[in-house]
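Student: Have a peek at query_26.txt (compact mmCIF, C-alpha atoms and all ligand atoms).
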# COMPACT_ATOMS: atom_id res chain seq x y z
CA GLN T 1 257.86 193.76 116.12
CA ASP T 2 259.37 195.34 119.24
CA ARG T 3 262.31 193.40 120.65
CA TYR T 4 263.10 192.87 124.33
CA VAL T 5 265.68 190.65 126.04
CA VAL T 6 266.76 189.26 129.39
CA ILE T 7 270.51 189.50 130.00
CA GLY T 8 272.36 187.36 132.56
CA ASN T 9 275.13 184.83 133.11
CA PRO T 10 273.96 182.08 133.31
CA ILE T 11 270.66 182.69 131.51
CA ALA T 12 269.50 179.36 130.02
CA HIS T 13 267.16 178.69 132.98
CA SER T 14 265.33 182.04 132.75
CA MET T 15 261.54 181.84 132.58
CA SER T 16 261.26 185.50 131.55
CA PRO T 17 260.81 184.72 127.82
CA ALA T 18 257.82 182.47 128.60
CA ILE T 19 256.34 185.10 130.93
CA HIS T 20 256.69 188.09 128.58
CA THR T 21 255.58 186.07 125.55
CA ASP T 22 252.43 185.14 127.45
CA PHE T 23 251.85 188.78 128.47
CA ALA T 24 252.19 189.91 124.84
CA ALA T 25 249.83 187.18 123.64
CA GLN T 26 247.20 188.23 126.22
CA LEU T 27 247.28 191.80 124.93
CA GLY T 28 247.73 190.96 121.25
CA LEU T 29 251.02 192.86 121.07
CA PRO T 30 253.63 191.86 118.48
CA LEU T 31 256.63 191.45 120.78
CA GLN T 32 259.76 189.34 120.58
CA TYR T 33 261.60 188.45 123.80
CA GLN T 34 264.88 186.52 123.92
CA ARG T 35 267.56 185.36 126.35
CA VAL T 36 271.01 186.94 125.98
CA LEU T 37 274.07 185.42 127.65
CA ALA T 38 276.54 188.26 128.30
CA PRO T 39 280.20 187.47 129.03
CA LEU T 40 281.04 188.17 132.69
CA ASN T 41 283.29 191.07 131.64
CA GLY T 42 281.16 192.15 128.69
CA PHE T 43 277.85 193.53 129.97
CA THR T 44 278.32 197.10 128.74
CA GLN T 45 279.37 195.97 125.25
CA THR T 46 276.42 193.56 125.11
CA VAL T 47 273.98 196.36 125.97
CA ALA T 48 275.55 198.68 123.40
CA ALA T 49 275.17 196.04 120.68
CA LEU T 50 271.54 195.36 121.64
CA LYS T 51 270.72 199.09 121.60
CA ALA T 52 272.36 199.45 118.19
CA ALA T 53 270.27 196.54 116.93
CA GLY T 54 267.08 198.38 117.93
CA VAL T 55 266.18 196.40 121.05
CA LYS T 56 263.70 198.48 123.11
CA GLY T 57 264.38 197.18 126.59
CA ALA T 58 266.06 194.59 128.75
CA ASN T 59 265.53 192.69 131.95
CA VAL T 60 268.78 192.19 133.77
CA THR T 61 269.58 189.38 136.16
CA VAL T 62 272.53 187.95 138.10
CA PRO T 63 275.30 189.15 138.13
CA PHE T 64 274.69 192.37 136.17
CA LYS T 65 272.12 194.37 138.16
CA LEU T 66 274.69 196.81 139.56
CA GLU T 67 276.26 197.38 136.15
CA ALA T 68 272.82 197.90 134.65
CA PHE T 69 272.14 200.67 137.16
CA ALA T 70 275.54 202.24 136.48
CA LEU T 71 274.97 202.65 132.74
CA ALA T 72 271.53 204.28 133.01
CA THR T 73 270.98 207.98 132.35
CA GLU T 74 267.86 208.17 134.55
CA CYS T 75 266.48 205.90 137.24
CA SER T 76 263.45 205.18 139.41
CA PRO T 77 263.56 205.70 143.19
CA ALA T 78 263.62 201.90 143.68
CA ALA T 79 266.69 201.52 141.46
CA GLN T 80 268.28 204.53 143.15
CA PHE T 81 267.81 203.01 146.60
CA ALA T 82 269.15 199.60 145.58
CA GLN T 83 271.87 201.02 143.29
CA ALA T 84 270.79 198.13 141.09
CA ALA T 85 268.42 197.65 138.16
CA ASN T 86 266.52 194.67 136.78
CA THR T 87 264.77 196.63 134.02
CA LEU T 88 266.25 198.92 131.37
CA LYS T 89 264.28 200.93 128.84
CA PHE T 90 266.21 202.13 125.79
CA ASN T 91 264.62 205.38 124.60
CA ALA T 92 264.74 206.58 120.99
CA ASP T 93 266.86 209.61 121.98
CA GLY T 94 269.61 207.32 123.34
CA THR T 95 268.76 207.77 127.02
CA VAL T 96 268.47 204.67 129.21
CA LEU T 97 265.92 204.43 132.04
CA ALA T 98 266.77 202.04 134.89
CA ASP T 99 264.10 200.60 137.16
CA ASN T 100 264.11 197.94 139.84
CA THR T 101 260.79 196.12 139.79
CA ASP T 102 261.79 193.25 142.12
CA GLY T 103 260.47 194.93 145.26
CA GLY T 104 257.31 196.14 143.55
CA GLY T 105 256.75 192.60 142.28
CA LEU T 106 257.20 191.21 145.78
CA CYS T 107 254.76 193.75 147.23
CA ARG T 108 252.12 193.00 144.59
CA ASP T 109 252.35 189.30 145.44
CA LEU T 110 252.31 189.95 149.20
CA ALA T 111 249.31 192.28 148.85
CA ARG T 112 247.44 189.67 146.82
CA GLN T 113 248.09 186.96 149.43
CA LEU T 114 247.33 189.24 152.39
CA LYS T 115 244.01 190.16 150.78
CA THR T 116 242.90 186.52 151.02
CA LEU T 117 243.60 186.85 154.79
CA GLY T 118 241.59 190.07 155.01
CA LEU T 119 244.72 192.22 155.44
CA ARG T 120 246.47 195.08 153.65
CA MET T 121 250.20 195.82 153.44
CA ASP T 122 249.81 199.13 155.31
CA GLN T 123 248.48 197.25 158.36
CA CYS T 124 251.47 194.90 158.52
CA GLN T 125 255.08 194.95 159.62
CA VAL T 126 257.72 193.01 157.69
CA LEU T 127 260.52 190.90 159.09
CA MET T 128 263.07 190.56 156.30
CA ILE T 129 265.84 187.97 156.60
CA GLY T 130 268.99 188.97 154.69
CA ALA T 131 270.65 192.27 153.91
CA GLY T 132 272.27 191.67 150.51
CA GLY T 133 271.23 192.70 147.01
CA ALA T 134 267.87 190.91 147.04
CA ALA T 135 266.94 192.57 150.33
CA SER T 136 267.95 196.09 149.38
CA GLY T 137 265.99 195.73 146.12
CA CYS T 138 262.77 195.58 148.16
CA VAL T 139 263.09 198.40 150.68
CA ALA T 140 261.80 201.23 148.47
CA ALA T 141 258.74 199.14 147.58
CA PHE T 142 258.01 198.49 151.28
CA GLN T 143 258.11 202.24 151.80
CA ASP T 144 255.75 202.72 148.82
CA SER T 145 253.39 200.15 150.36
CA SER T 146 253.37 202.11 153.65
CA ILE T 147 254.12 199.10 155.84
CA GLN T 148 254.14 199.86 159.57
CA HIS T 149 257.73 198.80 160.24
CA LEU T 150 260.62 196.89 158.67
CA THR T 151 262.88 194.65 160.76
CA VAL T 152 266.02 193.47 158.95
CA LEU T 153 267.75 190.46 160.52
CA ASN T 154 270.96 189.12 159.04
CA ARG T 155 273.75 186.67 159.78
CA THR T 156 276.17 189.62 159.54
CA VAL T 157 274.58 192.09 161.96
CA GLY T 158 276.36 195.20 160.68
CA LYS T 159 274.80 194.79 157.22
CA ALA T 160 271.31 194.49 158.77
CA ARG T 161 271.79 197.69 160.78
CA GLU T 162 273.18 199.55 157.77
CA LEU T 163 270.23 198.56 155.54
CA ALA T 164 267.77 199.53 158.29
CA GLU T 165 269.44 202.93 158.62
CA ARG T 166 269.15 203.46 154.87
CA ALA T 167 265.47 202.51 155.08
CA GLU T 168 264.92 205.05 157.85
CA ALA T 169 266.58 207.67 155.65
CA ILE T 170 263.70 207.25 153.16
CA ASP T 171 261.17 207.52 156.01
CA LEU T 172 260.46 203.84 156.48
CA PRO T 173 260.51 203.01 160.21
CA ALA T 174 263.12 200.25 160.49
CA ALA T 175 265.55 198.43 162.76
CA GLY T 176 268.30 195.87 162.14
CA GLY T 177 269.75 193.05 164.21
CA ALA T 178 270.99 189.49 164.45
CA LEU T 179 268.97 186.47 163.26
CA ASP T 180 268.33 185.22 166.79
CA THR T 181 266.81 188.50 168.02
CA PRO T 182 263.29 187.85 169.36
CA PRO T 183 260.32 189.84 168.01
CA SER T 184 259.73 191.41 171.42
CA HIS T 185 262.82 193.50 170.69
CA PHE T 186 261.39 195.16 167.57
CA GLU T 187 257.78 194.42 166.86
CA ILE T 188 255.08 197.03 166.54
CA PRO T 189 252.39 195.65 168.86
CA GLY T 190 249.23 194.70 166.99
CA ALA T 191 250.66 194.86 163.49
CA PRO T 192 250.57 191.43 161.81
CA VAL T 193 254.03 190.14 160.90
CA VAL T 194 254.95 189.12 157.35
CA ILE T 195 258.22 187.15 157.23
CA VAL T 196 260.18 187.52 153.98
CA ASN T 197 263.29 185.44 153.35
CA ALA T 198 265.57 187.55 151.15
CA SER T 199 268.69 185.59 152.05
CA SER T 200 270.34 183.22 149.62
CA SER T 201 270.44 180.45 152.25
CA SER T 202 268.01 178.23 150.30
CA LEU T 203 270.52 178.05 147.44
CA LYS T 204 272.76 176.02 149.72
CA GLY T 205 269.87 174.08 151.25
CA ASP T 206 270.33 176.02 154.52
CA VAL T 207 267.65 177.58 156.69
CA PRO T 208 268.40 180.87 158.52
CA ALA T 209 268.43 180.39 162.29
CA LEU T 210 265.62 182.82 163.07
CA HIS T 211 264.32 183.19 166.64
CA PRO T 212 261.30 180.80 166.80
CA ASP T 213 258.99 183.39 168.36
CA TRP T 214 258.76 185.17 165.00
CA TYR T 215 256.80 182.25 163.60
CA GLU T 216 254.28 182.53 166.44
CA ARG T 217 253.60 186.14 165.44
CA ALA T 218 253.51 185.67 161.65
CA VAL T 219 250.44 185.70 159.40
CA LEU T 220 252.37 184.94 156.19
CA VAL T 221 255.80 183.52 155.37
CA TYR T 222 257.34 184.29 151.98
CA ASP T 223 260.54 182.92 150.46
CA MET T 224 261.87 184.85 147.47
CA MET T 225 263.32 181.59 146.12
CA TYR T 226 261.19 179.18 144.11
CA ALA T 227 261.44 175.61 142.91
CA ALA T 228 259.18 172.76 141.83
CA GLU T 229 259.01 171.65 145.47
CA PRO T 230 258.63 173.85 148.58
CA THR T 231 261.97 175.53 149.36
CA PRO T 232 264.07 174.39 152.37
CA PHE T 233 262.87 177.52 154.22
CA MET T 234 259.21 176.67 153.58
CA GLN T 235 259.83 173.06 154.58
CA SER T 236 261.31 174.21 157.88
CA ILE T 237 257.94 175.65 158.94
CA HIS T 238 255.96 172.94 160.60
CA ASN T 239 252.81 174.92 161.33
CA PRO T 240 250.17 173.84 158.78
CA GLU T 241 248.00 176.86 159.72
CA LEU T 242 250.66 179.39 158.68
CA PRO T 243 250.41 180.32 154.98
CA CYS T 244 253.78 179.90 153.20
CA SER T 245 254.65 181.01 149.70
CA ASP T 246 257.62 180.68 147.40
CA GLY T 247 258.77 183.55 145.18
CA LEU T 248 257.31 182.51 141.84
CA GLY T 249 254.59 185.17 142.13
CA MET T 250 257.27 187.80 142.75
CA LEU T 251 258.96 186.70 139.50
CA VAL T 252 255.75 187.12 137.50
CA PHE T 253 254.73 190.41 139.16
CA GLN T 254 258.20 191.97 138.67
CA ALA T 255 257.82 191.02 135.01
CA GLN T 256 254.35 192.62 134.93
CA LEU T 257 255.85 195.87 136.25
CA ALA T 258 258.68 195.75 133.67
CA PHE T 259 256.10 195.13 130.93
CA GLU T 260 254.19 198.20 132.13
CA VAL T 261 257.38 200.31 132.02
CA TRP T 262 258.06 199.24 128.44
CA THR T 263 254.59 199.17 126.89
CA GLY T 264 252.32 201.16 129.20
CA GLN T 265 249.99 198.17 129.28
CA SER T 266 249.28 195.71 132.08
CA PRO T 267 248.71 192.00 131.43
CA ASN T 268 246.91 189.69 133.87
CA ALA T 269 249.78 188.32 135.97
CA LEU T 270 247.71 185.63 137.68
CA VAL T 271 246.80 183.98 134.39
CA THR T 272 250.51 183.84 133.53
CA LEU T 273 251.49 182.71 137.04
CA SER T 274 249.37 179.58 136.82
CA LYS T 275 250.99 178.69 133.47
CA VAL T 276 254.50 179.32 134.82
CA ARG T 277 253.72 177.16 137.88
CA GLN T 278 252.81 174.32 135.54
CA MET T 279 256.07 174.80 133.61
CA LEU T 280 258.06 174.55 136.83
CA LEU T 281 256.55 171.17 137.76
P1 LIG Q 1 271.60 188.37 146.93
O1 LIG Q 1 271.82 189.25 145.73
O2 LIG Q 1 270.96 187.05 146.62
O3 LIG Q 1 270.91 189.10 148.04
P2 LIG Q 1 274.01 188.69 148.43
O4 LIG Q 1 274.01 190.15 148.17
O5 LIG Q 1 275.30 187.92 148.38
O6 LIG Q 1 273.07 187.93 147.42
O7 LIG Q 1 273.31 188.47 149.86
C1 LIG Q 1 273.07 187.17 150.36
C2 LIG Q 1 272.32 187.32 151.67
O8 LIG Q 1 271.96 186.01 152.15
C3 LIG Q 1 273.14 187.95 152.79
O9 LIG Q 1 272.26 188.68 153.63
C4 LIG Q 1 273.71 186.73 153.49
O10 LIG Q 1 274.09 186.94 154.83
P3 LIG Q 1 275.54 187.61 155.17
O11 LIG Q 1 275.38 189.09 154.93
O12 LIG Q 1 275.75 187.28 156.60
O13 LIG Q 1 276.52 186.95 154.24
C5 LIG Q 1 272.52 185.81 153.44
N1 LIG Q 1 272.89 184.38 153.58
C6 LIG Q 1 273.51 183.60 152.67
N2 LIG Q 1 273.64 182.35 153.12
C7 LIG Q 1 273.07 182.31 154.36
C8 LIG Q 1 272.87 181.30 155.34
N3 LIG Q 1 273.30 180.06 155.12
N4 LIG Q 1 272.23 181.63 156.49
C9 LIG Q 1 271.81 182.90 156.69
N5 LIG Q 1 271.97 183.91 155.80
C10 LIG Q 1 272.59 183.63 154.65
Just dump the structure as structure tokens.
Ligand code: ATR

Tutor:
Amino acid sequence: QDRYVVIGNPIAHSMSPAIHTDFAAQLGLPLQYQRVLAPLNGFTQTVAALKAAGVKGANVTVPFKLEAFALATECSPAAQFAQAANTLKFNADGTVLADNTDGGGLCRDLARQLKTLGLRMDQCQVLMIGAGGAASGCVAAFQDSSIQHLTVLNRTVGKARELAERAEAIDLPAAGGALDTPPSHFEIPGAPVVIVNASSSSLKGDVPALHPDWYERAVLVYDMMYAAEPTPFMQSIHNPELPCSDGLGMLVFQAQLAFEVWTGQSPNALVTLSKVRQMLL
């Protein structure tokens, strides 16, 4: 039985074991997946012990994604861009591959939801709120999805501009600014706007003070956070015609990508997503 883990601190709340166990069951693979609580100053030692015990791979969550990237011997372009990893693969020869599947998971979920609106990612522009770790984890995937343009708006303007410059450096047309900047400043005329909240404001029950015109231009609003109820950000949108999504799909699709990295096989993420949604309620 191949063993995989999710490492974090805290970790008790993680739904990754349920997700990966369901993936393995779908494909009839004998796979064991467990939560591992690493001490805040003991990530490297925890990984070494897991590798020695024959564990084949790990998902990594808060606060260890930067350390996970640092201990890898090879990495994907997404991990390279973010300087952070959520997926490690421990190879038999001792090498460690780092990937960051968060952005790819987000883009799979966005593409799925856009399809129901008759749209593709490469037709759209993205307005991303936030410029921290969650935001930078998604930029390489937006580039992969060939979106028309990325606007990064952040409470701290300098961080938005810096992330946009780094996006441009990988050939993704991008611009950064303050939260109250109107779309007329940045938008690509004609390209539908997808709003993605990558800020951690929902954790504090806050809603980012975005210029209201963005909502007029949007075809889809996506919050990376998820909860049993709509997030504060979703609740702040009072237009019943505007599709709004939480980030539970992103969680399941990033897991699907990690599962593909480890096993080379792809489970049906939507089947698992509906089960995970039930678990959340
Ligand atoms: P994460 O890994 O979740 O991205 P982070 O790297 O600390 O965490 O980044 C948090 C992001 O949420 C930042 O963009 C932060 O804005 P600042 O750069 O100005 O700090 C944003 N954020 C957090 N709380 C917010 C709030 N109440 N309103 C708007 N933005 C907020």

Student: Applying 9 Å and all atoms listed in the file, which residues near Leu110 in chain T remain after dropping the ones on its own chain fewer than 3 positions away? List them as a VMD selection string.

Tutor: chain T and resid 105 to 107 113 to 115 120 to 121 194 220 222 249 to 250

Student: Taking all atoms listed in the file into account, which of T:Asn239, T:Ser136, T:Ser145, T:Gln278 comes nearest ligand LIG 1 (chain Q)?

Tutor: T:Ser136

Student: Using all atoms listed in the file, pick whichever of T:His211, T:Lys51, T:His149, T:Arg112 has the shortest atom-to-atom distance to Gln125 in chain T.

Tutor: T:His149

Student: For the atom pair CA of Asn86 in chain T and CA of Leu163 in chain T, what is the interatomic distance in Å to one decimal place?

Tutor: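 Between CA of Asn86 in chain T and CA of Leu163 in chain T the gap works out to 19.5 Å.
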
Student: List as a PDB file with C-alpha atoms, in the coordinates of the input the protein and nucleic acid residues lying within 10 Å of ligand LIG 1 (chain Q), with all atoms listed in the file counted.

Tutor:
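Once everything was written out, this is result_21.pdb:
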ATOM      1  CA  THR T  61     269.580 189.380 136.160  1.00  0.00           C
ATOM      2  CA  VAL T  62     272.530 187.950 138.100  1.00  0.00           C
ATOM      3  CA  PRO T  63     275.300 189.150 138.130  1.00  0.00           C
ATOM      4  CA  LYS T  65     272.120 194.370 138.160  1.00  0.00           C
ATOM      5  CA  MET T 128     263.070 190.560 156.300  1.00  0.00           C
ATOM      6  CA  ILE T 129     265.840 187.970 156.600  1.00  0.00           C
ATOM      7  CA  GLY T 130     268.990 188.970 154.690  1.00  0.00           C
ATOM      8  CA  ALA T 131     270.650 192.270 153.910  1.00  0.00           C
ATOM      9  CA  GLY T 132     272.270 191.670 150.510  1.00  0.00           C
ATOM     10  CA  GLY T 133     271.230 192.700 147.010  1.00  0.00           C
ATOM     11  CA  ALA T 134     267.870 190.910 147.040  1.00  0.00           C
ATOM     12  CA  ALA T 135     266.940 192.570 150.330  1.00  0.00           C
ATOM     13  CA  SER T 136     267.950 196.090 149.380  1.00  0.00           C
ATOM     14  CA  GLY T 137     265.990 195.730 146.120  1.00  0.00           C
ATOM     15  CA  VAL T 152     266.020 193.470 158.950  1.00  0.00           C
ATOM     16  CA  LEU T 153     267.750 190.460 160.520  1.00  0.00           C
ATOM     17  CA  ASN T 154     270.960 189.120 159.040  1.00  0.00           C
ATOM     18  CA  ARG T 155     273.750 186.670 159.780  1.00  0.00           C
ATOM     19  CA  THR T 156     276.170 189.620 159.540  1.00  0.00           C
ATOM     20  CA  VAL T 157     274.580 192.090 161.960  1.00  0.00           C
ATOM     21  CA  GLY T 158     276.360 195.200 160.680  1.00  0.00           C
ATOM     22  CA  LYS T 159     274.800 194.790 157.220  1.00  0.00           C
ATOM     23  CA  ALA T 160     271.310 194.490 158.770  1.00  0.00           C
ATOM     24  CA  ALA T 178     270.990 189.490 164.450  1.00  0.00           C
ATOM     25  CA  LEU T 179     268.970 186.470 163.260  1.00  0.00           C
ATOM     26  CA  ASN T 197     263.290 185.440 153.350  1.00  0.00           C
ATOM     27  CA  ALA T 198     265.570 187.550 151.150  1.00  0.00           C
ATOM     28  CA  SER T 199     268.690 185.590 152.050  1.00  0.00           C
ATOM     29  CA  SER T 200     270.340 183.220 149.620  1.00  0.00           C
ATOM     30  CA  SER T 201     270.440 180.450 152.250  1.00  0.00           C
ATOM     31  CA  SER T 202     268.010 178.230 150.300  1.00  0.00           C
ATOM     32  CA  LEU T 203     270.520 178.050 147.440  1.00  0.00           C
ATOM     33  CA  LYS T 204     272.760 176.020 149.720  1.00  0.00           C
ATOM     34  CA  GLY T 205     269.870 174.080 151.250  1.00  0.00           C
ATOM     35  CA  ASP T 206     270.330 176.020 154.520  1.00  0.00           C
ATOM     36  CA  VAL T 207     267.650 177.580 156.690  1.00  0.00           C
ATOM     37  CA  PRO T 208     268.400 180.870 158.520  1.00  0.00           C
ATOM     38  CA  ALA T 209     268.430 180.390 162.290  1.00  0.00           C
ATOM     39  CA  LEU T 210     265.620 182.820 163.070  1.00  0.00           C
ATOM     40  CA  MET T 224     261.870 184.850 147.470  1.00  0.00           C
ATOM     41  CA  MET T 225     263.320 181.590 146.120  1.00  0.00           C
TER      42      MET T 225
END

Student: Smallest atom-to-atom distance to Ile7 in chain T: which of T:Ser266, T:Gln80, T:Thr87, T:Thr21, using all atoms listed in the file?

Tutor: T:Thr87

Student: List the neighbours of Ala12 in chain T out to 12 Å using all atoms listed in the file; skip same-chain residues closer than 2 positions along the sequence, and give me the result as a count of residues only.

Tutor: 15

Student: I want to know what sits within 12 Å of Gln256 in chain T, based on all atoms listed in the file, with residues of the same chain fewer than 6 positions away left out; could you give that as number ranges by chain?

Tutor: T: 16, 19-24, 59, 87, 101-102, 104-106, 108-109, 249-250, 262-273

Student: Residues of the last selection are to be written out with C-alpha atoms, as a short mmCIF file (atom, residue, chain, number, x, y, z; two decimals), keeping the file's coordinate frame.

Tutor:
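part23.cif, freshly written:
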data_model
loop_
_atom_site.label_atom_id
_atom_site.label_comp_id
_atom_site.auth_asym_id
_atom_site.auth_seq_id
_atom_site.Cartn_x
_atom_site.Cartn_y
_atom_site.Cartn_z
CA SER T 16 261.26 185.50 131.55
CA ILE T 19 256.34 185.10 130.93
CA HIS T 20 256.69 188.09 128.58
CA THR T 21 255.58 186.07 125.55
CA ASP T 22 252.43 185.14 127.45
CA PHE T 23 251.85 188.78 128.47
CA ALA T 24 252.19 189.91 124.84
CA ASN T 59 265.53 192.69 131.95
CA THR T 87 264.77 196.63 134.02
CA THR T 101 260.79 196.12 139.79
CA ASP T 102 261.79 193.25 142.12
CA GLY T 104 257.31 196.14 143.55
CA GLY T 105 256.75 192.60 142.28
CA LEU T 106 257.20 191.21 145.78
CA ARG T 108 252.12 193.00 144.59
CA ASP T 109 252.35 189.30 145.44
CA GLY T 249 254.59 185.17 142.13
CA MET T 250 257.27 187.80 142.75
CA TRP T 262 258.06 199.24 128.44
CA THR T 263 254.59 199.17 126.89
CA GLY T 264 252.32 201.16 129.20
CA GLN T 265 249.99 198.17 129.28
CA SER T 266 249.28 195.71 132.08
CA PRO T 267 248.71 192.00 131.43
CA ASN T 268 246.91 189.69 133.87
CA ALA T 269 249.78 188.32 135.97
CA LEU T 270 247.71 185.63 137.68
CA VAL T 271 246.80 183.98 134.39
CA THR T 272 250.51 183.84 133.53
CA LEU T 273 251.49 182.71 137.04
#

Student: So the first atom is CA of Leu97 in chain T and the second is CA of Leu257 in chain T; what is the distance between them in Å, to one decimal place?

Tutor: 13.9 Å

Student: For a test of reading the model, state the distance in Å between CA of Ala48 in chain T and CA of Thr95 in chain T, rounded to one decimal.

Tutor: 11.9 Å

Student: Taking into account all atoms listed in the file, which residue in the set T:Leu281, T:Val126, T:Leu40, T:Leu248 is nearest to Val196 in chain T?

Tutor: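 Under the stated criterion, the closest residue is T:Val126.
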
Student: Nearest residue to Cys138 in chain T out of T:Leu88, T:Ala79, T:Leu119, T:Ala175, using only C-alpha atoms?

Tutor: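 Smallest distance to Cys138 in chain T is found for T:Ala79.
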